[in-house]
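Text of protein-v5.tsv, listed as TSV, C-alpha atoms:
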chain	number	residue	atom	x	y	z
A	1	MET	CA	-65.88	47.58	-31.07
A	2	GLY	CA	-63.54	47.07	-34.00
A	3	ARG	CA	-62.70	43.79	-35.67
A	4	ARG	CA	-59.55	43.14	-37.63
A	5	LYS	CA	-60.07	41.72	-41.12
A	6	ASN	CA	-58.04	39.19	-43.11
A	7	ASN	CA	-56.68	37.57	-40.00
A	8	ALA	CA	-56.66	33.99	-41.17
A	9	ASN	CA	-53.01	33.88	-42.20
A	10	LYS	CA	-51.64	34.99	-38.86
A	11	ASN	CA	-49.06	32.64	-37.40
A	12	ILE	CA	-50.84	31.52	-34.25
A	13	ASN	CA	-48.42	29.39	-32.27
A	14	THR	CA	-49.99	26.03	-31.45
A	15	SER	CA	-47.12	24.35	-29.62
A	16	ALA	CA	-48.09	22.49	-26.46
A	17	SER	CA	-46.03	24.55	-24.03
A	18	PHE	CA	-43.58	27.42	-23.81
A	19	PRO	CA	-40.32	27.85	-21.91
A	20	ALA	CA	-40.80	29.67	-18.64
A	21	SER	CA	-38.68	32.57	-19.89
A	22	GLN	CA	-41.22	33.22	-22.66
A	23	GLN	CA	-44.32	33.12	-20.48
A	24	PRO	CA	-46.11	36.35	-19.55
A	25	GLN	CA	-46.24	37.03	-15.84
A	26	GLY	CA	-49.19	35.22	-14.25
A	27	SER	CA	-50.07	33.45	-17.48
A	28	LYS	CA	-48.42	30.04	-17.80
A	29	ILE	CA	-51.12	27.55	-18.69
A	30	LEU	CA	-49.88	24.48	-20.55
A	31	PHE	CA	-52.14	23.20	-23.31
A	32	GLN	CA	-52.37	19.61	-24.43
A	33	ASP	CA	-54.06	18.20	-27.50
A	34	ALA	CA	-57.86	18.09	-27.39
A	35	GLU	CA	-57.89	14.47	-28.51
A	36	GLU	CA	-56.29	13.47	-25.22
A	37	ASP	CA	-59.35	14.73	-23.34
A	38	LYS	CA	-57.23	16.37	-20.66
A	39	PRO	CA	-58.23	19.52	-18.76
A	40	ALA	CA	-57.35	23.08	-19.94
A	41	MET	CA	-55.76	26.53	-18.69
A	42	ASP	CA	-52.99	29.39	-18.68
A	43	SER	CA	-52.04	30.66	-15.20
A	44	SER	CA	-49.10	29.27	-13.24
A	45	ASN	CA	-50.15	25.83	-12.00
A	46	LEU	CA	-53.19	25.40	-14.22
A	47	ASP	CA	-53.58	22.28	-16.34
A	48	VAL	CA	-55.04	23.05	-19.77
A	49	SER	CA	-56.60	20.66	-22.17
A	50	THR	CA	-57.35	21.83	-25.58
A	51	THR	CA	-56.24	22.68	-29.08
A	52	ILE	CA	-57.97	24.72	-31.70
A	53	PRO	CA	-57.14	24.75	-35.40
A	54	SER	CA	-56.04	28.21	-36.46
A	55	ASP	CA	-58.57	28.32	-39.28
A	56	LYS	CA	-61.37	27.84	-36.72
A	57	ALA	CA	-59.94	30.34	-34.24
A	58	ILE	CA	-60.69	33.49	-36.16
A	59	ALA	CA	-64.06	34.19	-34.66
A	60	MET	CA	-64.85	37.62	-35.99
A	61	ASP	CA	-63.89	37.42	-39.68
A	62	ASP	CA	-66.42	39.03	-42.00
A	63	ASP	CA	-67.63	35.78	-43.55
A	64	SER	CA	-68.22	33.94	-40.28
A	65	MET	CA	-70.11	36.80	-38.70
A	66	SER	CA	-72.10	38.26	-41.58
A	67	GLU	CA	-75.32	36.43	-40.74
A	68	ALA	CA	-74.93	36.99	-37.00
A	69	ASP	CA	-74.44	40.69	-37.60
A	70	ALA	CA	-77.62	40.67	-39.66
A	71	ALA	CA	-79.49	39.34	-36.65
A	72	VAL	CA	-78.51	42.48	-34.77
A	73	THR	CA	-78.86	45.03	-37.56
A	74	GLY	CA	-81.83	43.56	-39.40
A	75	PRO	CA	-85.37	44.89	-39.74
A	76	ASN	CA	-86.02	45.11	-35.99
A	77	HIS	CA	-83.01	47.33	-35.43
A	78	GLY	CA	-85.12	50.42	-35.98
A	79	ASP	CA	-87.86	49.35	-33.58
A	80	ASP	CA	-88.13	52.11	-30.99
A	81	ASP	CA	-89.72	49.69	-28.51
A	82	GLN	CA	-86.58	47.54	-28.35
A	83	THR	CA	-83.96	48.20	-25.70
A	84	SER	CA	-80.24	47.47	-25.86
A	85	ALA	CA	-80.97	44.31	-23.88
A	86	ASP	CA	-83.42	43.21	-26.58
A	87	TYR	CA	-80.76	43.66	-29.26
A	88	TYR	CA	-78.36	41.65	-27.11
A	89	PHE	CA	-80.73	38.71	-26.72
A	90	ASP	CA	-81.81	38.87	-30.37
A	91	SER	CA	-78.21	38.45	-31.47
A	92	TYR	CA	-78.06	35.14	-29.57
A	93	SER	CA	-81.11	33.85	-31.42
A	94	HIS	CA	-79.02	33.19	-34.50
A	95	PHE	CA	-77.39	29.77	-34.81
A	96	GLY	CA	-74.20	31.26	-36.29
A	97	ILE	CA	-73.08	32.71	-32.96
A	98	HIS	CA	-73.62	29.36	-31.23
A	99	GLU	CA	-71.79	27.52	-33.99
A	100	GLU	CA	-68.85	29.86	-33.49
A	101	MET	CA	-68.77	29.26	-29.74
A	102	LEU	CA	-69.23	25.48	-30.01
A	103	LYS	CA	-66.38	25.30	-32.52
A	104	ASP	CA	-64.14	27.15	-30.08
A	105	VAL	CA	-62.53	23.94	-28.87
A	106	VAL	CA	-60.55	25.61	-26.08
A	107	ARG	CA	-63.78	26.94	-24.61
A	108	THR	CA	-66.12	24.00	-25.13
A	109	LYS	CA	-63.66	21.17	-24.49
A	110	THR	CA	-62.55	22.77	-21.24
A	111	TYR	CA	-66.12	22.85	-19.93
A	112	GLN	CA	-66.65	19.26	-21.06
A	113	ASN	CA	-63.47	18.10	-19.32
A	114	VAL	CA	-64.29	20.03	-16.15
A	115	ILE	CA	-67.70	18.35	-15.95
A	116	TYR	CA	-66.79	14.82	-17.09
A	117	GLN	CA	-63.59	14.58	-15.05
A	118	ASN	CA	-65.20	15.93	-11.89
A	119	LYS	CA	-68.48	14.03	-11.74
A	120	PHE	CA	-68.39	14.17	-7.94
A	121	LEU	CA	-69.39	17.85	-8.28
A	122	PHE	CA	-72.52	16.98	-10.29
A	123	LYS	CA	-73.72	13.52	-9.29
A	124	ASP	CA	-77.24	13.70	-7.84
A	125	LYS	CA	-77.03	17.52	-7.72
A	126	VAL	CA	-79.50	20.11	-9.00
A	127	VAL	CA	-77.78	22.33	-11.56
A	128	LEU	CA	-78.70	25.73	-13.00
A	129	ASP	CA	-77.27	26.61	-16.43
A	130	VAL	CA	-77.35	30.41	-16.84
A	131	GLY	CA	-77.52	31.52	-20.47
A	132	ALA	CA	-77.76	27.97	-21.76
A	133	GLY	CA	-77.78	28.70	-25.49
A	134	THR	CA	-78.00	25.36	-27.30
A	135	GLY	CA	-77.95	23.57	-23.95
A	136	ILE	CA	-74.53	21.99	-24.44
A	137	LEU	CA	-73.39	22.58	-20.85
A	138	SER	CA	-76.69	21.22	-19.52
A	139	LEU	CA	-76.23	18.06	-21.59
A	140	PHE	CA	-72.69	17.67	-20.21
A	141	CYS	CA	-74.05	18.00	-16.65
A	142	ALA	CA	-76.86	15.51	-17.27
A	143	LYS	CA	-74.41	12.99	-18.67
A	144	ALA	CA	-72.19	13.51	-15.60
A	145	GLY	CA	-75.01	12.33	-13.31
A	146	ALA	CA	-76.87	15.48	-12.29
A	147	ALA	CA	-80.22	14.81	-10.66
A	148	HIS	CA	-81.78	17.64	-12.67
A	149	VAL	CA	-80.58	20.55	-14.77
A	150	TYR	CA	-82.53	23.77	-15.34
A	151	ALA	CA	-81.30	25.42	-18.55
A	152	VAL	CA	-82.33	29.07	-18.71
A	153	GLU	CA	-82.06	30.89	-22.03
A	154	CYS	CA	-83.67	34.22	-22.87
A	155	SER	CA	-83.30	34.20	-26.65
A	156	SER	CA	-85.43	32.16	-29.04
A	157	MET	CA	-82.57	29.63	-29.10
A	158	ALA	CA	-84.38	28.19	-26.05
A	159	ASN	CA	-86.86	26.57	-28.44
A	160	MET	CA	-84.03	24.85	-30.27
A	161	ALA	CA	-82.45	23.82	-26.96
A	162	LYS	CA	-85.69	22.07	-25.96
A	163	GLU	CA	-85.68	20.15	-29.23
A	164	ILE	CA	-81.99	19.26	-28.78
A	165	VAL	CA	-82.67	17.94	-25.28
A	166	GLU	CA	-85.58	15.85	-26.57
A	167	SER	CA	-83.54	14.54	-29.52
A	168	ASN	CA	-80.89	13.30	-27.11
A	169	GLY	CA	-83.37	11.60	-24.78
A	170	MET	CA	-82.65	13.81	-21.79
A	171	SER	CA	-85.98	15.52	-21.24
A	172	ASP	CA	-86.41	13.74	-17.92
A	173	VAL	CA	-83.18	15.31	-16.60
A	174	VAL	CA	-82.92	18.67	-18.43
A	175	THR	CA	-85.67	21.30	-18.31
A	176	VAL	CA	-85.26	24.29	-20.63
A	177	LEU	CA	-86.83	27.52	-19.40
A	178	LYS	CA	-87.19	30.51	-21.74
A	179	GLY	CA	-86.83	33.90	-20.09
A	180	LYS	CA	-84.52	36.25	-18.25
A	181	ILE	CA	-82.92	34.99	-15.06
A	182	GLU	CA	-84.12	38.11	-13.29
A	183	GLU	CA	-87.75	37.41	-14.26
A	184	ILE	CA	-88.30	33.64	-14.26
A	185	GLU	CA	-89.19	31.37	-11.36
A	186	LEU	CA	-87.51	27.99	-11.03
A	187	PRO	CA	-89.56	24.92	-10.04
A	188	VAL	CA	-87.15	24.51	-7.09
A	189	ASN	CA	-86.17	26.79	-4.25
A	190	LYS	CA	-82.43	26.16	-4.42
A	191	VAL	CA	-79.77	24.64	-6.69
A	192	ASP	CA	-76.46	23.00	-5.78
A	193	VAL	CA	-74.41	24.10	-8.79
A	194	ILE	CA	-74.49	27.04	-11.18
A	195	VAL	CA	-72.67	26.65	-14.47
A	196	SER	CA	-72.38	29.39	-17.06
A	197	GLU	CA	-70.23	30.57	-19.93
A	198	TRP	CA	-70.77	34.26	-19.25
A	199	MET	CA	-67.47	35.78	-20.38
A	200	GLY	CA	-67.49	38.46	-23.08
A	201	TYR	CA	-64.76	40.24	-24.98
A	202	PHE	CA	-62.46	42.00	-22.51
A	203	LEU	CA	-64.04	39.59	-20.01
A	204	LEU	CA	-66.81	42.05	-19.07
A	205	PHE	CA	-68.33	43.15	-22.39
A	206	GLU	CA	-72.08	42.37	-22.52
A	207	ASN	CA	-72.25	42.34	-18.70
A	208	MET	CA	-73.63	38.82	-18.32
A	209	LEU	CA	-71.67	38.35	-15.11
A	210	ASN	CA	-74.25	40.35	-13.16
A	211	THR	CA	-76.89	37.85	-14.26
A	212	VAL	CA	-74.81	34.99	-12.87
A	213	LEU	CA	-74.38	36.87	-9.59
A	214	TYR	CA	-78.14	37.45	-9.40
A	215	ALA	CA	-78.77	33.72	-9.88
A	216	ARG	CA	-76.14	32.88	-7.26
A	217	ASP	CA	-77.68	35.15	-4.66
A	218	LYS	CA	-81.24	33.97	-5.33
A	219	TRP	CA	-80.92	30.22	-5.83
A	220	LEU	CA	-77.52	28.80	-4.84
A	221	VAL	CA	-77.39	26.82	-1.58
A	222	ASN	CA	-74.96	28.05	1.06
A	223	ASP	CA	-72.27	25.49	0.26
A	224	GLY	CA	-73.01	25.46	-3.48
A	225	ILE	CA	-70.49	26.07	-6.25
A	226	VAL	CA	-70.30	28.34	-9.28
A	227	LEU	CA	-68.41	27.16	-12.37
A	228	PRO	CA	-66.15	28.78	-13.35
A	229	ASP	CA	-65.37	30.46	-10.05
A	230	LYS	CA	-62.35	32.66	-10.88
A	231	ALA	CA	-61.61	35.05	-13.75
A	232	SER	CA	-58.53	37.26	-14.10
A	233	LEU	CA	-57.91	40.21	-16.42
A	234	PHE	CA	-54.36	40.88	-17.68
A	235	LEU	CA	-52.63	43.68	-19.60
A	236	THR	CA	-49.57	43.74	-21.84
A	237	ALA	CA	-48.20	46.01	-24.60
A	238	ILE	CA	-47.45	45.35	-28.25
A	239	GLU	CA	-45.75	46.75	-31.34
A	240	ASP	CA	-48.37	47.09	-34.08
A	241	ALA	CA	-47.21	49.79	-36.50
A	242	ASP	CA	-48.61	48.30	-39.70
A	243	TYR	CA	-52.14	47.82	-38.50
A	244	LYS	CA	-52.29	51.05	-36.54
A	245	ASP	CA	-51.35	52.85	-39.76
A	246	ASP	CA	-54.08	50.96	-41.60
A	247	LYS	CA	-56.81	51.48	-38.99
A	248	ILE	CA	-55.98	54.83	-37.37
A	249	GLU	CA	-53.56	56.88	-39.45
A	250	PHE	CA	-55.55	56.07	-42.60
A	251	TRP	CA	-57.98	58.87	-41.77
A	252	ASN	CA	-55.31	61.59	-42.00
A	253	ASN	CA	-55.37	61.47	-45.80
A	254	VAL	CA	-58.26	59.72	-47.57
A	255	TYR	CA	-57.81	60.18	-51.31
A	256	GLY	CA	-56.30	63.57	-50.61
A	257	PHE	CA	-58.88	64.69	-48.03
A	258	ASP	CA	-58.47	65.27	-44.30
A	259	MET	CA	-60.83	62.97	-42.37
A	260	SER	CA	-58.87	63.04	-39.12
A	261	CYS	CA	-62.04	63.80	-37.16
A	262	ILE	CA	-62.92	60.11	-37.64
A	263	LYS	CA	-59.44	59.13	-36.44
A	264	ARG	CA	-60.23	60.58	-33.03
A	265	GLN	CA	-63.32	58.39	-32.85
A	266	ALA	CA	-61.61	55.29	-34.24
A	267	ILE	CA	-58.86	55.30	-31.63
A	268	MET	CA	-61.49	55.26	-28.87
A	269	GLU	CA	-62.91	51.98	-30.14
A	270	PRO	CA	-61.07	48.87	-28.87
A	271	LEU	CA	-60.22	46.25	-31.47
A	272	VAL	CA	-60.97	42.54	-30.98
A	273	ASP	CA	-58.14	40.63	-32.60
A	274	THR	CA	-55.55	37.89	-32.24
A	275	CYS	CA	-52.08	39.27	-31.58
A	276	GLU	CA	-48.92	37.46	-32.58
A	277	GLN	CA	-46.42	36.50	-29.92
A	278	ASN	CA	-43.60	38.39	-31.60
A	279	GLN	CA	-45.56	41.63	-31.19
A	280	ILE	CA	-45.40	41.47	-27.38
A	281	VAL	CA	-42.95	44.05	-26.01
A	282	THR	CA	-43.49	43.88	-22.24
A	283	ASN	CA	-44.37	41.50	-19.44
A	284	SER	CA	-48.03	40.91	-18.55
A	285	GLN	CA	-49.63	42.58	-15.54
A	286	LEU	CA	-52.53	41.15	-13.56
A	287	LEU	CA	-55.19	43.87	-13.28
A	288	LYS	CA	-58.05	42.15	-11.49
A	289	THR	CA	-59.10	38.72	-10.24
A	290	MET	CA	-62.78	38.13	-9.71
A	291	ASP	CA	-64.02	35.43	-7.34
A	292	ILE	CA	-67.42	34.65	-8.78
A	293	SER	CA	-68.52	32.79	-5.66
A	294	LYS	CA	-67.97	35.84	-3.38
A	295	MET	CA	-67.88	39.06	-5.42
A	296	THR	CA	-70.68	41.60	-5.77
A	297	SER	CA	-71.89	43.29	-8.95
A	298	GLY	CA	-70.07	46.46	-7.95
A	299	ASP	CA	-66.75	44.63	-8.25
A	300	CYS	CA	-67.16	44.67	-12.04
A	301	SER	CA	-66.18	48.35	-11.92
A	302	PHE	CA	-62.65	49.02	-10.71
A	303	THR	CA	-59.41	50.93	-11.08
A	304	ALA	CA	-56.17	48.95	-11.19
A	305	PRO	CA	-52.56	50.15	-11.46
A	306	PHE	CA	-50.09	48.58	-13.88
A	307	LYS	CA	-46.34	48.53	-14.49
A	308	LEU	CA	-45.27	47.06	-17.79
A	309	VAL	CA	-41.53	46.39	-18.12
A	310	ALA	CA	-40.02	46.35	-21.62
A	311	GLU	CA	-38.37	43.05	-22.50
A	312	ARG	CA	-36.49	44.53	-25.48
A	313	ASN	CA	-35.86	47.82	-27.29
A	314	ASP	CA	-38.96	48.46	-29.39
A	315	PHE	CA	-41.96	50.68	-30.05
A	316	ILE	CA	-45.33	50.39	-28.31
A	317	HIS	CA	-48.44	51.18	-30.31
A	318	ALA	CA	-51.13	49.56	-28.19
A	319	LEU	CA	-52.07	47.93	-24.93
A	320	VAL	CA	-53.61	44.47	-25.07
A	321	ALA	CA	-56.04	43.00	-22.52
A	322	TYR	CA	-56.96	39.33	-22.14
A	323	PHE	CA	-58.37	37.05	-19.46
A	324	ASP	CA	-57.86	33.67	-17.81
A	325	VAL	CA	-60.67	31.54	-16.38
A	326	SER	CA	-60.24	28.99	-13.55
A	327	PHE	CA	-62.28	26.13	-12.15
A	328	THR	CA	-60.71	25.81	-8.71
A	329	LYS	CA	-63.28	23.39	-7.23
A	330	CYS	CA	-62.12	20.56	-9.48
A	331	HIS	CA	-60.04	17.65	-8.22
A	332	LYS	CA	-57.16	19.23	-10.18
A	333	LEU	CA	-57.03	22.94	-11.06
A	334	MET	CA	-58.42	23.45	-14.56
A	335	GLY	CA	-59.21	26.36	-16.87
A	336	PHE	CA	-58.01	28.23	-19.95
A	337	SER	CA	-56.44	31.49	-21.09
A	338	THR	CA	-57.31	33.86	-23.90
A	339	GLY	CA	-53.82	35.37	-23.85
A	340	PRO	CA	-51.64	35.94	-26.94
A	341	ARG	CA	-49.24	33.18	-25.87
A	342	SER	CA	-52.05	30.63	-25.59
A	343	ARG	CA	-54.10	28.83	-28.20
A	344	ALA	CA	-56.55	31.12	-29.95
A	345	THR	CA	-60.17	31.38	-28.82
A	346	HIS	CA	-63.18	33.21	-30.23
A	347	TRP	CA	-62.58	35.90	-27.57
A	348	LYS	CA	-59.18	36.72	-29.11
A	349	GLN	CA	-57.63	39.71	-27.29
A	350	THR	CA	-58.72	43.34	-26.88
A	351	VAL	CA	-56.38	45.92	-28.43
A	352	LEU	CA	-56.41	49.52	-27.19
A	353	TYR	CA	-54.39	51.79	-29.47
A	354	LEU	CA	-52.39	54.64	-27.93
A	355	GLU	CA	-52.36	58.13	-29.38
A	356	ASP	CA	-48.59	58.18	-28.92
A	357	VAL	CA	-45.99	55.86	-30.40
A	358	LEU	CA	-43.80	55.00	-27.42
A	359	THR	CA	-40.09	54.43	-27.96
A	360	ILE	CA	-39.12	52.15	-25.09
A	361	CYS	CA	-35.81	50.60	-24.11
A	362	GLU	CA	-35.31	47.23	-22.45
A	363	GLY	CA	-35.96	47.48	-18.72
A	364	GLU	CA	-37.90	50.75	-18.88
A	365	VAL	CA	-41.34	50.87	-17.28
A	366	LEU	CA	-44.63	51.97	-18.77
A	367	SER	CA	-46.77	52.69	-15.72
A	368	GLY	CA	-50.30	53.84	-15.19
A	369	SER	CA	-53.80	52.73	-14.29
A	370	MET	CA	-56.89	51.34	-15.97
A	371	THR	CA	-60.43	52.20	-14.89
A	372	VAL	CA	-63.24	49.90	-16.04
A	373	SER	CA	-66.96	50.58	-15.60
A	374	GLN	CA	-70.34	49.87	-17.15
A	375	ASN	CA	-71.57	52.49	-19.57
A	376	LYS	CA	-74.37	54.47	-17.92
A	377	LYS	CA	-76.64	54.50	-20.98
A	378	ASN	CA	-76.07	50.88	-21.97
A	379	PRO	CA	-74.77	48.70	-19.12
A	380	ARG	CA	-73.78	45.98	-21.59
A	381	ASP	CA	-71.12	48.34	-22.99
A	382	VAL	CA	-67.83	48.90	-21.18
A	383	ASP	CA	-66.11	52.25	-20.58
A	384	ILE	CA	-62.34	52.11	-20.18
A	385	THR	CA	-60.00	54.90	-19.10
A	386	VAL	CA	-56.25	54.41	-19.31
A	387	LYS	CA	-53.72	56.73	-17.72
A	388	TYR	CA	-50.13	55.98	-18.75
A	389	ALA	CA	-46.68	57.51	-18.39
A	390	LEU	CA	-43.22	56.68	-19.69
A	391	ASN	CA	-40.08	58.47	-18.53
A	392	GLY	CA	-37.46	56.83	-20.71
A	393	LYS	CA	-34.17	57.65	-22.38
A	394	ARG	CA	-35.77	58.31	-25.75
A	395	CYS	CA	-39.40	58.99	-24.90
A	396	VAL	CA	-41.11	60.98	-22.16
A	397	VAL	CA	-44.90	61.04	-22.24
A	398	ALA	CA	-47.95	61.12	-19.96
A	399	ARG	CA	-51.50	60.88	-21.23
A	400	THR	CA	-55.07	59.84	-20.40
A	401	GLN	CA	-57.19	58.04	-23.01
A	402	HIS	CA	-60.83	56.99	-23.00
A	403	TYR	CA	-62.29	53.95	-24.78
A	404	ARG	CA	-65.72	52.41	-25.15
A	405	MET	CA	-66.51	48.83	-26.10
A	406	ARG	CA	-69.89	48.68	-27.83
What is this structure when it is put down as structure tokens?
Amino acid sequence: MGRRKNNANKNINTSASFPASQQPQGSKILFQDAEEDKPAMDSSNLDVSTTIPSDKAIAMDDDSMSEADAAVTGPNHGDDDQTSADYYFDSYSHFGIHEEMLKDVVRTKTYQNVIYQNKFLFKDKVVLDVGAGTGILSLFCAKAGAAHVYAVECSSMANMAKEIVESNGMSDVVTVLKGKIEEIELPVNKVDVIVSEWMGYFLLFENMLNTVLYARDKWLVNDGIVLPDKASLFLTAIEDADYKDDKIEFWNNVYGFDMSCIKRQAIMEPLVDTCEQNQIVTNSQLLKTMDISKMTSGDCSFTAPFKLVAERNDFIHALVAYFDVSFTKCHKLMGFSTGPRSRATHWKQTVLYLEDVLTICEGEVLSGSMTVSQNKKNPRDVDITVKYALNGKRCVVARTQHYRMR
């Protein structure tokens, strides 16, 4: 999974709202300043709460991630006894990753507002926090009046979470349990609420959603709620000539040598990056909405058609995927978007470069389908297949491309 460097000077638009004519289809969440403590989101009628300074939004810059990367690629990386799941949990043992997520104000403030402004969902209820990390969501729930919160964390961050809970005088309400959801036993038979921040890049990278579904099926009461309960994946297309040349075409001539064999590999690796609004060439297409309260684990694999309509004459170098998250059980619909027309988050967007440069005219349609599935060798990785076709005035093309997020 690629990461764009030197991103900090990008002009991320932080205005509170956008005219309807500029909104991507199905992605119209209006953000308000975080200081106002209002809710947060980006789809049609959703009310969104938060701001994030652009210098804090660049989650994957080299400096901010160097120590976290070391946690994954350090001395234990060569241990043959470790599985891909072990590497995954080890990476969440490092405080740097949690600092990055906590400083994502869109993410963290939305959860805080959802919990504090909807205390009727939590008062006197038993709550399960899946993948608790530092325990921040558990602390929110305890402060909102939960009868008891069970915070489950598999990484060694669980030890820090216990200390954090004790330091804040909430040990009588919050119990931190270290272990995998699939292996632990709770001190109770059922819980009333499950809360989790399970979303990965491209929504499904790292495959934590299946863990939430396991917890739901095992412990949630019949009329219980899962927060968040809806997640939607969207697709759009962008012009990105400069960076495609830098990342992909670079391999054609490296100091006079042909290294194009690497180019073929590089184009298969999606890039996590923040796109600028002025790069967007087409409308946005909803690919998939997941109802976390009802779906099964098999629903994480799917094929969805798309039709992207050009909004101007331009070139298309890449497709861009992003997701919206909704909390529909709240008194007022709340949530947030990770889209390129919304405030930046640490998830950024996922860029999939095309082998072809598409010359598209206003009103022409780039159509196709996207197939998403877990990688068979490592289920925390995501395999993506895109079939696309354009039959335009100046460009006729049809192709299938394969990508892997890892």
- If you count only C-alpha atoms, which residues fall within 6 Å of stretch 362-368 of chain A, apart from same-chain ones fewer than 4 positions away, as JSON, numbers by chain? {"A": [305, 306, 307, 308, 309, 310, 311, 312, 313, 387, 388, 389, 390]}
- Residues at most 12 Å from A:Glu185, counting all atoms listed in the file, excluding those fewer than 4 positions away in the same chain, as a list in words?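 In the requested form, the answer reads Tyr150, Val152, Leu177, Lys178, Gly179, Lys180, Ile181, Asn189, Lys190, Ala215, Lys218 and Trp219 of chain A.
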Restricted to C-alpha atoms, what would the selected residues look like written as a short mmCIF file (atom, residue, chain, number, x, y, z; two decimals), in the coordinates of the input?
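Result went into out-v1.cif, see below:
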data_model
loop_
_atom_site.label_atom_id
_atom_site.label_comp_id
_atom_site.auth_asym_id
_atom_site.auth_seq_id
_atom_site.Cartn_x
_atom_site.Cartn_y
_atom_site.Cartn_z
CA TYR A 150 -82.53 23.77 -15.34
CA VAL A 152 -82.33 29.07 -18.71
CA LEU A 177 -86.83 27.52 -19.40
CA LYS A 178 -87.19 30.51 -21.74
CA GLY A 179 -86.83 33.90 -20.09
CA LYS A 180 -84.52 36.25 -18.25
CA ILE A 181 -82.92 34.99 -15.06
CA ASN A 189 -86.17 26.79 -4.25
CA LYS A 190 -82.43 26.16 -4.42
CA ALA A 215 -78.77 33.72 -9.88
CA LYS A 218 -81.24 33.97 -5.33
CA TRP A 219 -80.92 30.22 -5.83
#
- May I have the protein, DNA and RNA residues with an atom at most 10 Å from (-69.5, 32.4, -0.4), counting only C-alpha atoms in the file's coordinates, returned as a PyMOL selection string? chain A and resi 216-217+220-226+291-295
- Query: Between A:Leu121, A:Phe323, A:Met160, A:Leu354, which is the closest to A:Arg264 once you count all atoms listed in the file?
  - Reply: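 Closest candidate: A:Leu354.
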Long-range neighbours of A:Ile267 as a CSV table (one decimal) with C-alpha atoms, in the coordinates of the input, 8 Å cut-off, only C-alpha atoms, 5 positions minimum in chain:
chain,number,residue,atom,x,y,z
A,248,ILE,CA,-56.0,54.8,-37.4
A,352,LEU,CA,-56.4,49.5,-27.2
A,353,TYR,CA,-54.4,51.8,-29.5
A,354,LEU,CA,-52.4,54.6,-27.9
A,355,GLU,CA,-52.4,58.1,-29.4
A,403,TYR,CA,-62.3,54.0,-24.8
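Remark: for A:Glu197, the closest of the candidate residues A:His317, A:Lys230, A:Lys125, A:Arg107 is A:Arg107 (distances computed over only C-alpha atoms).
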- Message: From the options A:Glu276, A:Asp172, A:Asp245, A:Asp314, which residue's atoms come nearest to A:Ala344, counting all atoms listed in the file?
- Response: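 Checking each candidate against A:Ala344, we get A:Glu276 as the closest.
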- Message: What's the separation between atom CA of A:Val173 and atom CA of A:Gly133, in Å to one decimal place?
- Response: 17.0 Å
- Message: Just checking: using only C-alpha atoms, which residue out of A:Gln117, A:Gln285, A:Asn253, A:Thr236 ends up closest to A:Val320?
- Response: A:Thr236
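The spacing separating atom CA of A:Thr134 from atom CA of A:Ile184 amounts to 18.6 Å.
For the atom pair formed by atom CA of A:Lys244 and atom CA of A:His402, the distance is 17.1 Å, given to one decimal.
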- Query: Looking at all atoms listed in the file, which of A:Thr211, A:Ser369, A:Gln374, A:Thr303 is the one that sits closest to A:Ala398?
  - Reply: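 So, comparing all the options, the nearest one is A:Ser369.
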- Message: For a quick check of understanding, using only C-alpha atoms, which of A:Val372, A:Ile280, A:Met101, A:Ala132 has the smallest distance to A:Leu204?
- Response: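 Looking at the shortest contact to A:Leu204, the residue is A:Val372.
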Give the centre and edge lengths of an axis-aligned box, in Å to one decimal, that holds all listed atoms of stretch 317-326 of chain A with 3 Å on each side, as AutoDock Vina command-line options.
--center_x -54.6 --center_y 40.1 --center_z -21.9 --size_x 18.2 --size_y 28.2 --size_z 22.8
